[in-house]
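In what follows, a single structure is set out as C-alpha cells and then discussed.
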Amino acid sequence: MKETLSKITKDYLYRLTKEGKRVDGRDRYEYRDMEVDIGLIEPAEGSARVKLGETDVIVGIKMDVGEPYPDTPDSGVLTTAAELIPMASPEYESGPPGEDATELARVVDRGIRESEAVDTSKLCIEKGEKVWIMFIDIHVLDFDGNLFDAAGIGAMAALLNAEVPASDFEEAKKEEDYPLPIEHTVFPATFTKIKNEIMLDSRLEEERIADARLTVSLNEDNEIVAMQKGLRGVFDYKSTKECVKKAKDITSETREKILSECDRENI
Amino acid sequence: MGSNKDIELIKDGKRMDGRDFDELREISIDAGVLKRADGSAYLEWGKNKIMAAVYGPREMHPRHAQETTKAVVRARYNMAAFSVPDRKRPGPDRRSIEISKLVSEALEKVVFTEKYPRSVIDVFIEVLQASAGTRCGGLTAASVALADAGIPMSDMVASCASGKIEGQVVLDLGKNEDNYGQADVPIGYIPKSDDICLLQMDGNLTEEEYEKAVEMAIDACKDIHKIQREALKERYSTDIQEGEIKEAVGVK
C-alpha cells in the first residue's frame with residue numbers, strides 16, 4: 001500500500017523547494033546527521049548500522065566456503081541482497097524481494113563490484129574448487145528516505161570491518177582469521193530532483209514528491225564507478241554533470257568520516 | 001566489467017569489428033509485426049534480435065495496482081532461454097526485474113498516462129538473441145511498439161549505450177567490448193525535450209570521460225530516433241496514385 005501526502009504538505013514542500021529551502025532547514029547538498037555504528041553484530045563477519053536522520057539501515061556480511069563460478073574459477077563470489085521488512089514502513093510487505101529491494105541491492109552491489117573494493121582473487125582457496133562466498137545483506141529497519149546512500153555507506157563500512165572467518169572452516173586451510181582484503185573504497189551520493197531543484201539525501205516527504213533520483217558512486221580517486229537514475233522523471237544532461245561534480249566533494253567527506261570511524265588509514 | 005588484459009579490443013585505431021569509436025552497429029526496426037498485439041516492433045541491432053509488443057490500455061490486474069488518476073506503464077523485459085550461449089534459466093532474475101523497472105519508468109515519461117486512469121499499458125520485451133545492449137534495444141523497440149499501438153505519446157524514447165575500452169570512450173559496446181571493457185553507460189533519451197529518462201553506469205570513468213560518453217550516446221540516440229520514425233513511416237505510409245484522392249473524397 002502506498003502512503004499518500006496531503007495536498008497542503010505537498011504545496012508547502014514545493015514552495016520551500018522553489019525557494020531553495022528544505023523542510024528541516026538543511027542546505028541543498030547537506031546530509032542529515034549521519035550516525036555510524038560499526039561491528040555491532042557479533043556473529044557477522046562484518047557489520048555496520050547507518051542512520052541518516054531517521055532512516056536506519058543495518059548491513060551484515062557473512063562468509064561461507066563454496067564453489068566459484070565456472071567463468072571465474074580463481075575469484076571469490078560476491079552477492080548482495082536487500083530486505084525491506086514490514087517493520088521499516090507500513091508500505092512494506094513480507095515476501096520475496098520486490099523490484100524496489102532488487103534495485104537497491106543491485107545498485108549497492110554494482111558500486112562495490114565495479115570499484116573492485118574487495119580483491120576477490122585473494123578469496124580463492126583452491127582454483128576451480130573452493131572459494132570464499134561473501135554475502136552482503138542489507139536490512140532496512142526504519143525508512144525515512146534515501147535508502148541508497150544509507151545502504152551503500154553501510155555496506156562499505158561493514159566490508160572495512162569484516163574478517164574472513166578462516167578458523168571456523170577446515171577447508172580454508174588457515175588457522176587464523178584475517179581482515180577482508182579491501183583494495184578500494186566506494187561511496188555513493190544520491191540526489192533527487194523536485195520540479196527543477198536538485199538536492200542531496202531526501203527525507204521521506206521529499207522523496208514522495210521527487211520526480212527523479214540519481215545515484216553516483218565514486219572511488220577514492222574520484223572516478224565514477226557506478227550510476228543509476230531512478231523514478232519516473234528525467235534529468236537533463238547538464239544537471240547530471242552538476243551531480244557528478246558535487247558527488248566528488250560529498251563522497252570524499254563521507255569517506256573520511258567512515259575511514260576514521262573504522263580506524264582505517266586511507267586506502 | 002571484466003578485466004581480462006589479454007583480449008584485444010582496438011587495432012589500428014579501429015574496433016575489432018571494424019567500427020570507428022563513434023559508430024553504431026547496424027540497426028533495423030520493423031513496426032507492426034505481430035497480429036494479436038495492439039502494437040509491436042521487431043528490432044535487429046548488430047546481433048541482437050528483440051521483439052516488443054504492447055497490449056492496452058486495458059483493465060489493470062491486480063486491481064490494487066490501479067492508479068486512480070492515470071494509467072500504469074508496465075514493462076516486462078525477458079530473455080529467452082536460448083538467447084545466450086549458456087542456457088538462461090527461464091523466469092525473472094534480479095537483472096531482468098531491475099531492467100523491467102527502469103524501462104517502465106523511462107517509457108512512462110513519454111506516454112500521456114493521464115488519459116487512461118485505472119488502466120495498464122503492458123509492454124512485453126522478448127530478447128530472442130542477445131549480444132550486448134539488449135536493454136537499449138528493448139527500450140528503443142518498445143517505444144516504436146507503443147506508437148504502433150496508437151498510444152498517445154509526447155515522443156519516442158531512443159536508447160543507446162556508450163562505454164570505455166582500452167581507455168578509449170566508444171559508442172555502442174559489442175559483446176566482447178561489454179565483457180572485457182572498462183565501463184558501460186546506457187542512456188535513454190527523449191529528443192523533443194532533450195531529457196535523459198534512463199541512465200545507468202558501471203565500470204570506471206573520470207568526470208571528463210563521463211561527459212564524453214553521454215554526449216556521444218545522446219548524438220547516437222538522435223540518429224536512432226530517425227530510424228524509429230522511418231519504421232513507423234514504412235508501416236503506415238501508402239503510395240497514393242493521382243485520382244485516388246479525388247475518388248476518396250468524392251470529387252468528380
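Numbering starts fresh at 1 for the residues of each chain in the C-alpha cells, the chains themselves are lettered A, B, ... in the order given, and ligands are numbered from 1 as they appear.
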Give me, as JSON lines, each residue of chain B that comes within 6 Å of chain A, together with its shortest interatomic pair and the distance in Å at one decimal, counting only C-alpha atoms, with rows ordered by chain and rising residue number.
{"residue": "B:Glu98", "atom": "CA", "partner": "A:Glu103", "partner_atom": "CA", "distance": 5.5}
{"residue": "B:Glu105", "atom": "CA", "partner": "A:Arg232", "partner_atom": "CA", "distance": 4.5}
{"residue": "B:Asp195", "atom": "CA", "partner": "A:Asp236", "partner_atom": "CA", "distance": 4.7}
{"residue": "B:Ile196", "atom": "CA", "partner": "A:Phe235", "partner_atom": "CA", "distance": 5.3}
{"residue": "B:Cys197", "atom": "CA", "partner": "A:Val234", "partner_atom": "CA", "distance": 4.7}
{"residue": "B:Leu199", "atom": "CA", "partner": "A:Lys229", "partner_atom": "CA", "distance": 5.0}
{"residue": "B:Gln200", "atom": "CA", "partner": "A:Gln228", "partner_atom": "CA", "distance": 4.3}
{"residue": "B:Met201", "atom": "CA", "partner": "A:Met227", "partner_atom": "CA", "distance": 4.5}
{"residue": "B:Asp202", "atom": "CA", "partner": "A:Ala226", "partner_atom": "CA", "distance": 4.3}
{"residue": "B:Gly203", "atom": "CA", "partner": "A:Val225", "partner_atom": "CA", "distance": 4.9}
{"residue": "B:Asn204", "atom": "CA", "partner": "A:Val225", "partner_atom": "CA", "distance": 4.5}
{"residue": "B:Leu205", "atom": "CA", "partner": "A:Ile224", "partner_atom": "CA", "distance": 5.0}
{"residue": "B:Thr206", "atom": "CA", "partner": "A:Glu223", "partner_atom": "CA", "distance": 4.8}
Selection export as a JSON list (two decimals), in the first residue's frame, atoms kept: C-alpha atoms:
[["chain", "number", "residue", "atom", "x", "y", "z"],
["B", 98, "GLU", "CA", 15.70, -4.18, -12.46],
["B", 105, "GLU", "CA", 9.87, 4.35, -15.68],
["B", 195, "ASP", "CA", 15.87, 14.87, -21.43],
["B", 196, "ILE", "CA", 17.58, 11.74, -20.14],
["B", 197, "CYS", "CA", 14.98, 9.22, -18.92],
["B", 199, "LEU", "CA", 20.83, 6.47, -17.07],
["B", 200, "GLN", "CA", 22.99, 3.76, -15.63],
["B", 201, "MET", "CA", 26.70, 3.35, -15.45],
["B", 202, "ASP", "CA", 29.11, 0.71, -14.29],
["B", 203, "GLY", "CA", 32.84, 0.44, -14.57],
["B", 204, "ASN", "CA", 35.30, 3.26, -14.20],
["B", 205, "LEU", "CA", 35.15, 6.74, -15.72],
["B", 206, "THR", "CA", 36.63, 10.12, -14.91]]
Problem - Surrounding residues of Ile153 of chain A excluding itself and chain neighbours under 3 positions, 8 Å, only C-alpha atoms, as a ChimeraX atom specification - result: /A:50,149-150,156-157,187-188
Practice task
Pick out the residues sitting within 12 Å of Glu30 of chain A, and hand them over as number ranges by chain; count only C-alpha atoms, and ignore anything fewer than 6 positions along from it in its own chain.
Solution key: A: 21-22, 24, 52-53, 189-191, 198-203, 246-247, 249-251, 253-254
Output N, CA and C atoms for every residue in that selection, as a PDB file, in the first residue's frame.
ATOM      1  N   LYS A  21      14.915  26.075  -0.063  1.00  0.00           N
ATOM      2  CA  LYS A  21      14.969  25.689   1.354  1.00  0.00           C
ATOM      3  C   LYS A  21      14.560  24.235   1.522  1.00  0.00           C
ATOM      4  N   ARG A  22      14.877  23.674   2.695  1.00  0.00           N
ATOM      5  CA  ARG A  22      14.470  22.302   2.998  1.00  0.00           C
ATOM      6  C   ARG A  22      13.581  22.313   4.223  1.00  0.00           C
ATOM      7  N   ASP A  24      13.705  20.609   6.827  1.00  0.00           N
ATOM      8  CA  ASP A  24      14.413  20.539   8.098  1.00  0.00           C
ATOM      9  C   ASP A  24      15.535  21.572   8.185  1.00  0.00           C
ATOM     10  N   LEU A  52      20.766   7.794   8.832  1.00  0.00           N
ATOM     11  CA  LEU A  52      20.762   9.091   8.156  1.00  0.00           C
ATOM     12  C   LEU A  52      19.489   9.765   8.638  1.00  0.00           C
ATOM     13  N   GLY A  53      19.591  10.653   9.581  1.00  0.00           N
ATOM     14  CA  GLY A  53      18.369  11.169  10.192  1.00  0.00           C
ATOM     15  C   GLY A  53      17.608  10.006  10.785  1.00  0.00           C
ATOM     16  N   ALA A 189      26.550   9.004  -3.621  1.00  0.00           N
ATOM     17  CA  ALA A 189      25.819  10.221  -3.269  1.00  0.00           C
ATOM     18  C   ALA A 189      24.541  10.193  -4.103  1.00  0.00           C
ATOM     19  N   THR A 190      23.393  10.289  -3.427  1.00  0.00           N
ATOM     20  CA  THR A 190      22.119  10.177  -4.139  1.00  0.00           C
ATOM     21  C   THR A 190      21.374  11.504  -4.115  1.00  0.00           C
ATOM     22  N   PHE A 191      21.067  11.972  -5.315  1.00  0.00           N
ATOM     23  CA  PHE A 191      20.376  13.246  -5.482  1.00  0.00           C
ATOM     24  C   PHE A 191      18.944  12.982  -5.893  1.00  0.00           C
ATOM     25  N   ILE A 198      17.467  20.379  -7.445  1.00  0.00           N
ATOM     26  CA  ILE A 198      18.162  19.139  -7.125  1.00  0.00           C
ATOM     27  C   ILE A 198      18.717  19.218  -5.715  1.00  0.00           C
ATOM     28  N   MET A 199      18.571  18.120  -4.963  1.00  0.00           N
ATOM     29  CA  MET A 199      19.066  18.111  -3.592  1.00  0.00           C
ATOM     30  C   MET A 199      19.634  16.745  -3.215  1.00  0.00           C
ATOM     31  N   LEU A 200      20.466  16.752  -2.168  1.00  0.00           N
ATOM     32  CA  LEU A 200      21.084  15.520  -1.674  1.00  0.00           C
ATOM     33  C   LEU A 200      20.237  14.949  -0.542  1.00  0.00           C
ATOM     34  N   ASP A 201      20.290  13.621  -0.370  1.00  0.00           N
ATOM     35  CA  ASP A 201      19.756  12.968   0.823  1.00  0.00           C
ATOM     36  C   ASP A 201      18.332  13.393   1.164  1.00  0.00           C
ATOM     37  N   SER A 202      17.380  13.037   0.315  1.00  0.00           N
ATOM     38  CA  SER A 202      15.987  13.391   0.577  1.00  0.00           C
ATOM     39  C   SER A 202      15.439  12.618   1.749  1.00  0.00           C
ATOM     40  N   ARG A 203      14.688  13.296   2.592  1.00  0.00           N
ATOM     41  CA  ARG A 203      13.922  12.561   3.591  1.00  0.00           C
ATOM     42  C   ARG A 203      12.623  12.112   2.928  1.00  0.00           C
ATOM     43  N   LYS A 246      29.321  17.573  -7.766  1.00  0.00           N
ATOM     44  CA  LYS A 246      29.003  17.670  -6.336  1.00  0.00           C
ATOM     45  C   LYS A 246      29.355  16.365  -5.623  1.00  0.00           C
ATOM     46  N   ALA A 247      29.089  15.245  -6.317  1.00  0.00           N
ATOM     47  CA  ALA A 247      29.299  13.934  -5.690  1.00  0.00           C
ATOM     48  C   ALA A 247      30.755  13.741  -5.278  1.00  0.00           C
ATOM     49  N   ASP A 249      32.891  15.947  -3.968  1.00  0.00           N
ATOM     50  CA  ASP A 249      33.126  16.524  -2.639  1.00  0.00           C
ATOM     51  C   ASP A 249      32.371  15.746  -1.569  1.00  0.00           C
ATOM     52  N   ILE A 250      31.125  15.408  -1.895  1.00  0.00           N
ATOM     53  CA  ILE A 250      30.273  14.769  -0.896  1.00  0.00           C
ATOM     54  C   ILE A 250      30.842  13.413  -0.491  1.00  0.00           C
ATOM     55  N   THR A 251      31.243  12.586  -1.500  1.00  0.00           N
ATOM     56  CA  THR A 251      31.732  11.250  -1.147  1.00  0.00           C
ATOM     57  C   THR A 251      33.102  11.323  -0.476  1.00  0.00           C
ATOM     58  N   GLU A 253      33.982  13.485   1.670  1.00  0.00           N
ATOM     59  CA  GLU A 253      33.692  13.759   3.074  1.00  0.00           C
ATOM     60  C   GLU A 253      33.184  12.499   3.776  1.00  0.00           C
ATOM     61  N   THR A 254      32.284  11.771   3.101  1.00  0.00           N
ATOM     62  CA  THR A 254      31.774  10.522   3.682  1.00  0.00           C
ATOM     63  C   THR A 254      32.923   9.550   3.916  1.00  0.00           C
TER      64      THR A 254
END
Handout entry: Spatial neighbours of Thr113 of chain B, max dist 10 Å, only C-alpha atoms, sep filter under 2 positions, as a list in words
Key =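 Close residues of Thr113 of chain B: Pro57, Thr69, Lys70, Ala71, Val72, Val73, Glu108, Lys109, Val110, Val111, Lys115, Tyr116, Pro117, Arg118, Ser119, Val120, Ile121, Ile151, Pro152 and Met153 of chain B.
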Exercise for the section: For Leu5 of chain A, list every protein, DNA or RNA residue within 9 Å, evaluated using only C-alpha atoms, and leave out those in the same chain fewer than 5 positions away; present the list as a count of residues only. Expected result: 4
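The interatomic distance for the pair atom CA of Ser75 of chain A and atom CA of Phe135 of chain A works out to 14.4 Å.
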